[in-house]
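Enquirer: Input protein-v6.cif, format and content: mmCIF, C-alpha atoms.
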```
data_start
loop_
_atom_site.label_atom_id
_atom_site.label_comp_id
_atom_site.auth_asym_id
_atom_site.auth_seq_id
_atom_site.Cartn_x
_atom_site.Cartn_y
_atom_site.Cartn_z
CA MET A 1 65.59 114.61 12.14
CA THR A 2 62.08 115.80 12.53
CA GLN A 3 61.19 112.39 13.96
CA GLU A 4 64.06 112.35 16.42
CA GLU A 5 63.29 115.69 17.92
CA PRO A 6 60.27 114.69 19.96
CA LYS A 7 62.10 111.46 20.97
CA ASN A 8 64.91 113.29 22.71
CA PRO A 9 62.78 115.19 25.22
CA GLU A 10 60.97 111.93 25.93
CA LYS A 11 64.25 110.21 26.65
CA LYS A 12 65.37 113.09 28.82
CA SER A 13 62.24 113.09 30.84
CA PHE A 14 62.58 109.34 31.31
CA TRP A 15 66.08 109.77 32.75
CA GLN A 16 64.91 112.73 34.70
CA ASN A 17 62.23 110.57 36.17
CA MET A 18 64.70 107.82 36.94
CA LYS A 19 66.97 110.31 38.62
CA GLU A 20 64.14 111.61 40.70
CA ILE A 21 63.07 108.12 41.63
CA ILE A 22 66.56 107.13 42.71
CA TYR A 23 67.06 110.42 44.50
CA GLY A 24 63.66 110.09 46.06
CA MET A 25 64.39 106.54 47.21
CA ALA A 26 67.65 107.55 48.78
CA SER A 27 66.52 110.80 50.28
CA HIS A 28 63.22 109.44 51.46
CA ASP A 29 65.08 106.91 53.51
CA MET A 30 67.39 109.56 54.84
CA SER A 31 64.64 111.95 55.71
CA ARG A 32 62.70 109.13 57.32
CA TYR A 33 65.74 108.30 59.40
CA ALA A 34 66.25 111.95 60.26
CA LEU A 35 62.63 112.30 61.27
CA ARG A 36 62.87 109.21 63.46
CA THR A 37 65.97 110.54 65.17
CA ARG A 38 64.28 113.85 65.64
CA ALA A 39 61.23 112.15 67.15
CA SER A 40 63.46 110.23 69.56
CA MET A 41 65.15 113.43 70.54
CA GLU A 42 61.80 115.09 71.00
CA HIS A 43 60.84 112.33 73.42
CA LEU A 44 64.15 112.67 75.21
CA PHE A 45 63.55 116.39 75.43
CA ILE A 46 60.13 115.94 76.96
CA LEU A 47 61.59 113.41 79.38
CA ILE A 48 64.25 115.89 80.47
CA THR A 49 61.82 118.72 80.94
CA MET A 50 58.59 117.00 81.97
CA GLY A 51 59.90 113.78 83.51
CA ASP A 52 57.85 114.60 86.58
CA MET A 53 54.77 113.66 84.63
CA ILE A 54 55.68 109.97 84.68
CA GLY A 55 57.20 110.06 88.12
CA ILE A 56 60.82 110.81 87.30
CA PRO A 57 61.69 113.81 89.42
CA ILE A 58 63.52 116.29 87.28
CA LEU A 59 64.72 119.71 88.29
CA PRO A 60 63.80 122.44 87.93
CA PRO A 61 60.10 122.38 87.17
CA TYR A 62 59.50 126.11 87.36
CA TYR A 63 60.75 126.93 83.91
CA SER A 64 59.58 123.59 82.51
CA LEU A 65 56.06 124.92 82.88
CA ARG A 66 56.89 127.62 80.37
CA LEU A 67 57.63 124.92 77.80
CA LEU A 68 54.56 122.86 78.61
CA PRO A 69 52.13 124.53 76.17
CA TYR A 70 54.36 123.65 73.22
CA VAL A 71 54.57 119.95 73.98
CA VAL A 72 50.90 119.38 74.82
CA PRO A 73 50.12 117.56 71.53
CA GLN A 74 53.11 115.23 71.93
CA ILE A 75 52.46 114.21 75.53
CA SER A 76 50.24 111.21 74.79
CA THR A 77 52.52 109.77 72.06
CA TRP A 78 55.46 110.33 74.35
CA LYS A 79 53.85 108.49 77.24
CA ARG A 80 52.78 105.66 74.94
CA ARG A 81 56.28 105.31 73.57
CA LEU A 82 58.00 105.36 76.93
CA LEU A 83 55.60 102.96 78.57
CA ARG A 84 55.41 100.55 75.62
CA GLU A 85 56.74 97.04 76.15
CA LYS A 86 59.91 96.38 74.23
CA ASP A 87 61.03 93.20 72.47
CA VAL A 88 63.72 91.96 70.09
CA SER A 89 61.92 93.22 67.02
CA ASP A 90 62.47 96.79 68.22
CA ALA A 91 66.14 96.44 67.40
CA MET A 92 65.36 95.28 63.86
CA PHE A 93 62.95 97.97 62.73
CA MET B 1 86.06 152.50 105.95
CA SER B 2 82.68 153.76 107.12
CA LEU B 3 79.43 152.72 105.49
CA LYS B 4 78.74 156.28 104.43
CA LYS B 5 82.11 156.52 102.71
CA ILE B 6 81.59 153.20 100.93
CA PHE B 7 78.32 154.44 99.46
CA GLU B 8 79.77 157.82 98.57
CA GLU B 9 82.83 156.36 96.89
CA HIS B 10 80.90 153.74 94.95
CA PRO B 11 77.73 155.37 93.63
CA GLU B 12 77.71 152.81 90.80
CA ARG B 13 76.93 150.00 93.24
CA ARG B 14 73.17 150.01 92.93
CA TYR B 15 72.41 146.49 94.12
CA ILE B 16 72.97 146.22 97.83
CA MET B 17 72.57 143.03 99.82
CA PHE B 18 72.66 142.31 103.52
CA GLY B 19 73.29 138.70 104.40
CA GLY B 20 73.99 136.75 107.52
CA LYS B 21 72.64 134.15 109.88
CA GLY B 22 69.01 134.39 110.92
CA GLY B 23 67.95 137.06 113.39
CA LEU B 24 71.12 139.16 113.30
CA GLY B 25 69.54 142.23 111.76
CA LYS B 26 69.53 141.83 107.99
CA THR B 27 66.06 143.30 107.58
CA THR B 28 66.79 146.06 110.07
CA PHE B 29 69.96 147.13 108.25
CA SER B 30 68.28 146.84 104.85
CA ALA B 31 65.50 149.14 106.04
CA ALA B 32 67.90 151.63 107.65
CA THR B 33 70.12 151.74 104.58
CA ALA B 34 67.12 152.21 102.31
CA TYR B 35 65.88 155.00 104.58
CA TRP B 36 69.24 156.78 104.55
CA LEU B 37 69.65 156.50 100.77
CA ALA B 38 66.09 157.78 100.25
CA GLN B 39 66.93 160.75 102.47
CA GLN B 40 69.95 161.45 100.28
CA GLY B 41 67.50 161.91 97.40
CA LYS B 42 67.95 158.50 95.79
CA LYS B 43 65.01 156.48 94.58
CA VAL B 44 65.21 153.25 96.53
CA LEU B 45 63.41 149.92 96.49
CA VAL B 46 63.98 147.58 99.38
CA PHE B 47 62.56 144.13 98.76
CA SER B 48 62.58 140.82 100.48
CA VAL B 49 63.41 137.46 98.93
CA ASP B 50 62.45 135.67 102.12
CA PRO B 51 59.19 133.68 102.04
CA GLN B 52 58.89 134.66 105.72
CA ALA B 53 59.64 138.29 105.08
CA SER B 54 59.55 140.85 107.84
CA LEU B 55 59.63 144.15 105.97
CA SER B 56 55.92 144.53 106.75
CA ASP B 57 56.75 144.29 110.46
CA ILE B 58 59.62 146.74 110.41
CA PHE B 59 57.73 149.36 108.39
CA GLN B 60 54.56 148.58 110.37
CA LYS B 61 52.58 148.42 107.17
CA ASP B 62 51.13 145.39 105.42
CA ILE B 63 52.96 145.26 102.10
CA PHE B 64 52.91 141.50 101.50
CA GLY B 65 52.13 140.70 97.86
CA LYS B 66 51.11 144.26 97.05
CA GLY B 67 53.95 145.12 94.69
CA PRO B 68 56.17 148.09 95.47
CA VAL B 69 54.50 150.11 98.25
CA LYS B 70 55.55 153.70 98.90
CA ILE B 71 56.77 154.10 102.47
CA MET B 72 57.95 157.70 102.29
CA GLU B 73 59.44 160.12 99.76
CA ASN B 74 61.84 158.14 97.48
CA LEU B 75 61.40 154.92 99.41
CA TRP B 76 59.46 151.88 98.25
CA ALA B 77 59.28 148.46 99.85
CA GLN B 78 58.13 145.17 98.43
CA GLU B 79 57.47 141.71 99.77
CA ILE B 80 57.01 139.04 97.15
CA ASP B 81 54.04 136.74 97.66
CA ALA B 82 55.37 133.51 96.16
CA ASP B 83 51.96 131.78 96.19
CA GLN B 84 50.35 134.63 94.34
CA HIS B 85 53.19 134.62 91.81
CA ILE B 86 52.86 130.86 91.27
CA LYS B 87 49.10 131.11 90.79
CA ALA B 88 49.44 133.89 88.24
CA TYR B 89 52.14 131.91 86.46
CA GLN B 90 49.97 128.76 86.36
CA ASN B 91 47.06 130.73 84.93
CA GLU B 92 49.31 132.21 82.30
CA ILE B 93 50.36 128.67 81.24
CA ARG B 94 46.74 127.45 81.22
CA LYS B 95 45.64 130.41 79.14
CA LYS B 96 48.45 129.81 76.66
CA ILE B 97 47.43 126.16 76.24
CA LEU B 98 43.78 127.08 75.73
CA ASP B 99 44.68 129.80 73.23
CA MET B 100 47.14 127.69 71.30
CA TYR B 101 44.90 124.69 70.77
CA GLY B 102 41.45 126.17 71.12
CA PHE B 103 40.53 123.85 73.99
CA ASP B 104 37.58 124.61 76.26
CA LYS B 105 39.49 123.28 79.23
CA VAL B 106 43.00 122.13 79.93
CA PRO B 107 43.31 118.33 79.43
CA ASP B 108 43.25 116.43 82.71
CA GLU B 109 46.77 115.02 82.63
CA ILE B 110 48.20 118.42 81.77
CA GLU B 111 46.21 120.07 84.54
CA GLN B 112 47.46 117.46 86.99
CA TYR B 113 51.03 118.17 85.96
CA ILE B 114 50.57 121.91 86.37
CA GLN B 115 49.22 121.36 89.86
CA ALA B 116 51.84 118.81 90.86
CA ALA B 117 54.68 120.99 89.63
CA SER B 118 53.65 123.78 91.94
CA ALA B 119 53.77 121.45 94.92
CA GLU B 120 57.51 120.90 94.34
CA PRO B 121 59.60 122.08 97.27
CA ALA B 122 61.77 124.30 95.08
CA MET B 123 58.81 126.00 93.46
CA GLU B 124 58.48 128.77 96.01
CA GLU B 125 62.13 129.78 95.76
CA SER B 126 62.02 129.55 91.99
CA ALA B 127 58.96 131.77 91.89
CA ILE B 128 60.66 134.35 94.09
CA PHE B 129 63.79 134.12 91.99
CA ASP B 130 61.69 134.79 88.89
CA ALA B 131 59.86 137.67 90.55
CA VAL B 132 63.21 139.22 91.52
CA VAL B 133 64.30 139.01 87.89
CA ASP B 134 61.25 141.11 87.00
CA ILE B 135 62.05 143.61 89.74
CA VAL B 136 65.71 144.16 88.89
CA ILE B 137 65.27 144.08 85.10
CA GLY B 138 62.86 146.99 85.46
CA GLY B 139 65.77 149.22 86.46
CA GLU B 140 63.64 152.21 87.45
CA TYR B 141 65.18 152.71 90.90
CA ASP B 142 68.57 154.18 91.77
CA TYR B 143 69.13 151.54 94.42
CA TYR B 144 67.86 148.01 94.92
CA ILE B 145 68.27 146.69 98.43
CA TYR B 146 67.90 142.93 98.79
CA ASP B 147 66.76 141.84 102.18
CA LEU B 148 68.22 138.35 101.87
CA VAL B 149 67.28 135.03 103.41
CA PRO B 150 69.54 133.51 106.11
CA LEU B 151 72.95 132.29 104.94
CA GLY B 152 72.44 128.68 103.90
CA HIS B 153 69.34 129.59 102.05
CA ALA B 154 70.96 132.56 100.40
CA LEU B 155 73.65 130.29 99.03
CA TYR B 156 70.95 128.08 97.61
CA TYR B 157 69.38 131.12 96.08
CA LEU B 158 72.64 132.20 94.51
CA SER B 159 73.45 128.74 93.27
CA MET B 160 70.00 128.49 91.71
CA ALA B 161 71.10 130.82 88.94
CA LYS B 162 74.00 128.50 88.20
CA VAL B 163 71.85 125.37 88.27
CA TYR B 164 69.31 126.96 85.96
CA ASP B 165 72.02 128.18 83.67
CA GLU B 166 73.49 124.71 83.27
CA TRP B 167 70.09 123.11 82.82
CA ILE B 168 69.14 125.64 80.18
CA ASN B 169 72.44 125.23 78.36
CA LYS B 170 72.03 121.47 78.17
CA ILE B 171 68.50 121.44 76.89
CA THR B 172 69.14 124.30 74.51
CA LYS B 173 71.94 122.24 72.99
CA LEU B 174 69.64 119.26 72.59
CA ARG B 175 67.01 121.48 71.06
CA GLU B 176 69.53 122.90 68.61
CA GLU B 177 70.56 119.42 67.54
CA MET B 178 66.90 118.63 66.94
CA ARG B 179 66.72 121.76 64.87
CA GLU B 180 69.57 120.51 62.67
CA TYR B 181 67.68 117.31 61.93
CA GLU B 182 64.59 119.29 61.13
CA GLU B 183 66.50 121.45 58.70
CA MET B 184 68.05 118.40 57.09
CA VAL B 185 64.62 116.90 56.48
CA SER B 186 63.30 120.07 54.95
CA ARG B 187 66.36 120.25 52.70
CA LEU B 188 65.82 116.68 51.58
CA LYS B 189 62.16 117.32 50.97
CA ARG B 190 63.11 120.57 49.28
CA GLU B 191 60.86 122.63 51.46
CA LYS B 192 61.75 126.26 51.52
CA GLU B 193 61.76 127.03 55.21
CA THR B 194 61.31 125.24 58.46
CA GLU B 195 58.92 126.57 61.02
CA GLU B 196 60.38 128.57 63.83
CA ASP B 197 61.03 126.39 66.85
CA GLN B 198 59.00 128.08 69.54
CA ILE B 199 60.55 126.00 72.28
CA LEU B 200 64.00 127.16 71.27
CA THR B 201 62.78 130.75 71.30
CA GLU B 202 61.28 130.21 74.74
CA LEU B 203 64.50 128.64 76.03
CA GLN B 204 66.51 131.58 74.79
CA TYR B 205 64.10 133.91 76.56
CA ILE B 206 64.48 132.01 79.85
CA ARG B 207 68.22 132.09 79.42
CA THR B 208 68.40 135.85 79.01
CA ARG B 209 66.32 136.28 82.15
CA ILE B 210 68.49 134.00 84.25
CA ASN B 211 71.66 135.56 82.93
CA ALA B 212 70.38 139.04 83.64
CA SER B 213 69.71 138.10 87.24
CA SER B 214 72.88 136.13 87.91
CA SER B 215 75.08 138.70 86.24
CA ILE B 216 73.70 141.33 88.63
CA LEU B 217 74.39 139.14 91.66
CA THR B 218 78.01 138.68 90.67
CA ASP B 219 78.70 142.07 89.12
CA LYS B 220 81.74 143.47 90.90
CA GLU B 221 80.98 147.01 89.80
CA LYS B 222 77.29 147.29 90.46
CA THR B 223 76.73 144.98 93.39
CA GLY B 224 77.77 145.13 96.99
CA PHE B 225 77.26 142.46 99.60
CA PHE B 226 77.45 143.14 103.33
CA PHE B 227 77.72 140.47 105.97
CA VAL B 228 75.90 141.14 109.21
CA ILE B 229 77.71 139.66 112.19
CA ILE B 230 77.62 139.88 115.98
CA PRO B 231 80.61 139.42 118.30
CA GLU B 232 80.00 135.78 119.18
CA GLU B 233 82.07 132.74 118.36
CA MET B 234 79.55 130.61 116.48
CA ILE B 235 78.49 133.47 114.27
CA LEU B 236 82.08 134.26 113.37
CA ILE B 237 82.90 130.66 112.48
CA ASP B 238 79.78 130.31 110.34
CA THR B 239 80.30 133.63 108.62
CA ALA B 240 83.90 132.80 107.74
CA LYS B 241 82.70 129.55 106.15
CA ALA B 242 79.90 131.32 104.30
CA ALA B 243 82.23 134.05 103.07
CA GLU B 244 84.38 131.39 101.42
CA LEU B 245 81.35 129.87 99.70
CA PHE B 246 80.05 133.26 98.62
CA ALA B 247 83.43 134.03 97.13
CA LYS B 248 83.09 130.85 95.07
CA PHE B 249 79.95 132.27 93.53
CA ASP B 250 81.87 135.48 92.78
CA VAL B 251 79.67 137.54 95.06
CA PRO B 252 81.48 140.85 95.63
CA ILE B 253 81.76 141.29 99.41
CA MET B 254 81.88 144.97 100.36
CA GLY B 255 82.18 144.74 104.09
CA TYR B 256 81.02 143.52 107.46
CA VAL B 257 78.62 145.25 109.80
CA VAL B 258 78.91 144.28 113.45
CA ASN B 259 75.59 144.40 115.25
CA ARG B 260 74.52 144.23 118.91
CA VAL B 261 77.65 145.65 120.45
CA VAL B 262 76.90 146.42 124.10
CA PRO B 263 77.74 150.11 124.69
CA ARG B 264 81.10 150.41 126.44
CA GLU B 265 79.99 153.52 128.35
CA LEU B 266 78.06 151.19 130.61
CA LEU B 267 81.36 150.11 132.16
CA GLN B 268 81.59 153.46 133.92
CA GLN B 269 78.36 152.73 135.70
CA ASN B 270 77.68 150.28 138.39
CA ILE B 271 76.52 147.36 136.26
CA PRO B 272 75.82 143.77 137.25
CA ALA B 273 78.42 141.03 136.66
CA TYR B 274 76.19 139.54 133.98
CA LEU B 275 76.57 142.60 131.77
CA LYS B 276 80.27 142.95 132.58
CA ASN B 277 80.85 139.37 131.48
CA ARG B 278 79.03 139.96 128.23
CA ILE B 279 81.13 143.02 127.52
CA GLU B 280 84.30 141.05 128.21
CA MET B 281 83.17 138.27 125.91
CA GLN B 282 82.33 140.77 123.19
CA ASP B 283 85.70 142.48 123.59
CA LYS B 284 87.42 139.20 122.91
CA TYR B 285 85.46 138.57 119.71
CA LEU B 286 85.61 142.20 118.61
CA GLU B 287 89.38 141.87 118.74
CA GLN B 288 89.11 138.70 116.67
CA ILE B 289 86.85 140.49 114.17
CA LYS B 290 89.42 143.26 113.90
CA THR B 291 92.24 140.85 113.12
CA THR B 292 90.21 138.70 110.73
CA PHE B 293 88.31 141.31 108.75
CA GLY B 294 90.38 144.43 109.48
CA GLN B 295 89.51 147.26 107.13
CA GLN B 296 86.48 145.40 105.87
CA VAL B 297 84.55 146.16 109.04
CA ALA B 298 82.29 148.99 107.92
CA SER B 299 80.34 149.75 111.06
CA HIS B 300 79.68 148.82 114.67
CA VAL B 301 76.06 149.10 115.69
CA PRO B 302 75.24 149.13 119.40
CA GLU B 303 72.59 147.07 121.07
CA LEU B 304 69.66 149.49 121.17
CA GLU B 305 67.33 150.00 124.09
CA ARG B 306 64.40 148.68 122.09
CA ASP B 307 63.71 146.72 118.92
CA VAL B 308 63.72 148.52 115.60
CA THR B 309 60.23 148.88 114.18
CA GLY B 310 58.57 151.92 112.69
CA LEU B 311 60.12 154.79 110.76
CA ASP B 312 61.24 156.65 113.86
CA MET B 313 63.45 153.81 115.09
CA ILE B 314 64.68 153.18 111.54
CA ARG B 315 65.72 156.83 111.34
CA GLN B 316 67.59 156.57 114.64
CA LEU B 317 69.40 153.46 113.44
CA ALA B 318 70.25 155.07 110.09
CA GLU B 319 71.81 157.98 112.02
CA ILE B 320 73.94 155.56 114.02
CA MET B 321 74.99 153.60 110.93
CA TYR B 322 75.63 156.51 108.59
CA GLY B 323 76.26 159.35 111.02
CA ASN B 324 74.45 162.61 110.70
#
```
Now that the file is in, can you turn its structure into structure tokens?
Expert:
Amino acid sequence: MTQEEPKNPEKKSFWQNMKEIIYGMASHDMSRYALRTRASMEHLFILITMGDMIGIPILPPYYSLRLLPYVVPQISTWKRRLLREKDVSDAMF
Amino acid sequence: MSLKKIFEEHPERRYIMFGGKGGLGKTTFSAATAYWLAQQGKKVLVFSVDPQASLSDIFQKDIFGKGPVKIMENLWAQEIDADQHIKAYQNEIRKKILDMYGFDKVPDEIEQYIQAASAEPAMEESAIFDAVVDIVIGGEYDYYIYDLVPLGHALYYLSMAKVYDEWINKITKLREEMREYEEMVSRLKREKETEEDQILTELQYIRTRINASSSILTDKEKTGFFFVIIPEEMILIDTAKAAELFAKFDVPIMGYVVNRVVPRELLQQNIPAYLKNRIEMQDKYLEQIKTTFGQQVASHVPELERDVTGLDMIRQLAEIMYGN
């Protein structure tokens, strides 16, 4: 009995770990997917509001300017993504 | 119903607009109405939403871009300087960027965008629209008299609120969807709270501003719109068309003011055929105005012997319009 006692918590923590690993694997994928979707939407958002910046005339620019300060850090990634060449592999990854 | 009676019976209508084709007397009537109301002890602001405003000319005082300028007791006038407004707005954006990221100067591509955006054709109108929001939200005057732009333009101005509203609704929806994804990620990662989305907050702020302005324009209780017309065929046809369009935007039309009516007393004098013919022509269209607009005709204003500029002429006109 005295020997089994320390074994049990060890076993538990092993399963706990397994659970966390499985949960982590599943949720990591999900959160990665969610983050990717969110990033795409972010780029769509910038396109809708700041499309003028890459020559797509989008109305109305007056209030877009109000939003400009918040998207400053994303502008270069956004431009890179929109202007990147696309190929078949894009559909796979 | 006379103009005076309309104002007396509807003291809750604080936002008064005069609209019509160019050169028919919108500014003149705005100024005279503002003058009369100020004399009645009301605190009045008459302001122009026209980039080529002429309130400065009628009051014979340079008020362009100087904010509300006191003309006389209870009466203030304002002409919005769109360029000045745009410049201040741009600087505000630049300052925000510098403050937020600790930059020494605004990055080139961002600066280029800021400059290019202000060259957009709609920028001037948008800036005026925004400045008007500031003016009417303030709410410190008893009466706000809009000296409007000519008809077609005024429609554009009115529809701007609708366009903005739809634009804002769409992107707010997108932003909210993005927010859901963000919250999902933080749930999965078991983070306690997500950061506040400043863009969403900003969008909601813009929305309240636009709604405040457009709800005033279409408020049947607080707003009154007068059409300025003259007894001539083209004007009547155009005004009828415009009235239909204005009704579509739910603008509450309070009445029609007929301007430039040649005094009928002249007929008793020996006047040239030219003037007689004009009077005959006007009679024909005045009859038409009576049948089309009926009770909605609030006032007939005669062709005056000189143009209306300066407080003395404005006072004379106010006496004609509102009786004394």
Enquirer: Mind checking which residues fall within 10 Å of range 302-306 of chain B, counting only C-alpha atoms, ignoring those fewer than 4 positions away in the same chain, and posting them as a list in words?
Expert: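 What passes the distance filter is Val258, Asn259, Arg260, Val261, Val262, Pro263, Arg264, Met313, Gln316, Leu317, Ile320 and Met321 of chain B.
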Enquirer: Show me, as a PDB file with C-alpha atoms, in the frame of the given file, every residue of chain B with an atom at most 7 Å from chain A, counting all atoms listed in the file.
Expert:
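See result39.pdb below for the written result:
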```pdb
ATOM      1  CA  ILE B  93      50.360 128.670  81.240  1.00  0.00           C
ATOM      2  CA  LYS B  96      48.450 129.810  76.660  1.00  0.00           C
ATOM      3  CA  ILE B  97      47.430 126.160  76.240  1.00  0.00           C
ATOM      4  CA  TYR B 113      51.030 118.170  85.960  1.00  0.00           C
ATOM      5  CA  ALA B 117      54.680 120.990  89.630  1.00  0.00           C
ATOM      6  CA  MET B 123      58.810 126.000  93.460  1.00  0.00           C
ATOM      7  CA  SER B 126      62.020 129.550  91.990  1.00  0.00           C
ATOM      8  CA  MET B 178      66.900 118.630  66.940  1.00  0.00           C
ATOM      9  CA  TYR B 181      67.680 117.310  61.930  1.00  0.00           C
ATOM     10  CA  VAL B 185      64.620 116.900  56.480  1.00  0.00           C
ATOM     11  CA  LEU B 188      65.820 116.680  51.580  1.00  0.00           C
ATOM     12  CA  ILE B 199      60.550 126.000  72.280  1.00  0.00           C
TER      13      ILE B 199
END
```
Enquirer: So that I can see what lies close to range 19-22 of chain B, please list as a PDB file with C-alpha atoms, in the frame of the given file the residues with an atom at most 7 Å from it, counting all atoms listed in the file and leaving out residues fewer than 4 positions away in the same chain.
Expert:
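The file below, selection_35.pdb, is the result:
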```
ATOM      1  CA  LYS B  26      69.530 141.830 107.990  1.00  0.00           C
ATOM      2  CA  LEU B 148      68.220 138.350 101.870  1.00  0.00           C
ATOM      3  CA  PRO B 150      69.540 133.510 106.110  1.00  0.00           C
ATOM      4  CA  LEU B 151      72.950 132.290 104.940  1.00  0.00           C
ATOM      5  CA  PHE B 226      77.450 143.140 103.330  1.00  0.00           C
ATOM      6  CA  PHE B 227      77.720 140.470 105.970  1.00  0.00           C
ATOM      7  CA  VAL B 228      75.900 141.140 109.210  1.00  0.00           C
ATOM      8  CA  ILE B 229      77.710 139.660 112.190  1.00  0.00           C
TER       9      ILE B 229
END
```
Enquirer: Could you pull out every residue with an atom within 6 Å of (57.0, 146.1, 97.5), file coordinates, counting all atoms listed in the file, and send them as a list in words?
Expert: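 With a cut-off of 6 Å, the residues come to Gly67, Pro68, Val69, Ala77, Gln78 and Glu79 of chain B.
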Enquirer: Using the chain letters and numbering of this document, enumerate as an mmCIF file with C-alpha atoms, in the coordinates of the input the residues selected by the PyMOL selection byres ((chain B and resi 132) around 10).
Expert:
```cif
data_model
loop_
_atom_site.group_PDB
_atom_site.id
_atom_site.type_symbol
_atom_site.label_atom_id
_atom_site.label_comp_id
_atom_site.auth_asym_id
_atom_site.auth_seq_id
_atom_site.Cartn_x
_atom_site.Cartn_y
_atom_site.Cartn_z
ATOM 1 C CA PHE B 47 62.560 144.130 98.760
ATOM 2 C CA SER B 48 62.580 140.820 100.480
ATOM 3 C CA VAL B 49 63.410 137.460 98.930
ATOM 4 C CA ILE B 80 57.010 139.040 97.150
ATOM 5 C CA SER B 126 62.020 129.550 91.990
ATOM 6 C CA ALA B 127 58.960 131.770 91.890
ATOM 7 C CA ILE B 128 60.660 134.350 94.090
ATOM 8 C CA PHE B 129 63.790 134.120 91.990
ATOM 9 C CA ASP B 130 61.690 134.790 88.890
ATOM 10 C CA ALA B 131 59.860 137.670 90.550
ATOM 11 C CA VAL B 133 64.300 139.010 87.890
ATOM 12 C CA ASP B 134 61.250 141.110 87.000
ATOM 13 C CA ILE B 135 62.050 143.610 89.740
ATOM 14 C CA VAL B 136 65.710 144.160 88.890
ATOM 15 C CA ILE B 137 65.270 144.080 85.100
ATOM 16 C CA GLY B 138 62.860 146.990 85.460
ATOM 17 C CA TYR B 146 67.900 142.930 98.790
ATOM 18 C CA SER B 213 69.710 138.100 87.240
#
```
Enquirer: Please indicate the distance in Å from CA of Asp50 in chain B to CA of Phe225 in chain B, rounded to one decimal place.
Expert: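 Interatomic distance, CA of Asp50 in chain B to CA of Phe225 in chain B: 16.5 Å.
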Enquirer: Please identify all polymer residues lying at most 12 Å from the point (78.5, 146.6, 128.8) (file coordinates), using only C-alpha atoms, and present the result as an mmCIF file with C-alpha atoms, keeping the file's coordinate frame.
Expert:
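Now in point-v3.cif:
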```
data_model
loop_
_atom_site.group_PDB
_atom_site.id
_atom_site.type_symbol
_atom_site.label_atom_id
_atom_site.label_comp_id
_atom_site.auth_asym_id
_atom_site.auth_seq_id
_atom_site.Cartn_x
_atom_site.Cartn_y
_atom_site.Cartn_z
ATOM 1 C CA ARG B 260 74.520 144.230 118.910
ATOM 2 C CA VAL B 261 77.650 145.650 120.450
ATOM 3 C CA VAL B 262 76.900 146.420 124.100
ATOM 4 C CA PRO B 263 77.740 150.110 124.690
ATOM 5 C CA ARG B 264 81.100 150.410 126.440
ATOM 6 C CA GLU B 265 79.990 153.520 128.350
ATOM 7 C CA LEU B 266 78.060 151.190 130.610
ATOM 8 C CA LEU B 267 81.360 150.110 132.160
ATOM 9 C CA GLN B 268 81.590 153.460 133.920
ATOM 10 C CA GLN B 269 78.360 152.730 135.700
ATOM 11 C CA ASN B 270 77.680 150.280 138.390
ATOM 12 C CA ILE B 271 76.520 147.360 136.260
ATOM 13 C CA PRO B 272 75.820 143.770 137.250
ATOM 14 C CA ALA B 273 78.420 141.030 136.660
ATOM 15 C CA TYR B 274 76.190 139.540 133.980
ATOM 16 C CA LEU B 275 76.570 142.600 131.770
ATOM 17 C CA LYS B 276 80.270 142.950 132.580
ATOM 18 C CA ASN B 277 80.850 139.370 131.480
ATOM 19 C CA ARG B 278 79.030 139.960 128.230
ATOM 20 C CA ILE B 279 81.130 143.020 127.520
ATOM 21 C CA GLU B 280 84.300 141.050 128.210
ATOM 22 C CA MET B 281 83.170 138.270 125.910
ATOM 23 C CA GLN B 282 82.330 140.770 123.190
ATOM 24 C CA ASP B 283 85.700 142.480 123.590
ATOM 25 C CA PRO B 302 75.240 149.130 119.400
ATOM 26 C CA GLU B 303 72.590 147.070 121.070
#
```
Enquirer: Mind pulling up the distance from CA of Ala32 in chain B to CA of Arg315 in chain B?
Expert: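 Between CA of Arg315 in chain B and CA of Ala32 in chain B the gap works out to 6.7 Å.
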Enquirer: Can you measure CA of Leu55 in chain B to CA of Tyr157 in chain B for me? One decimal in Å is fine.
Expert: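 Computing it gives 19.0 Å between the two atoms.
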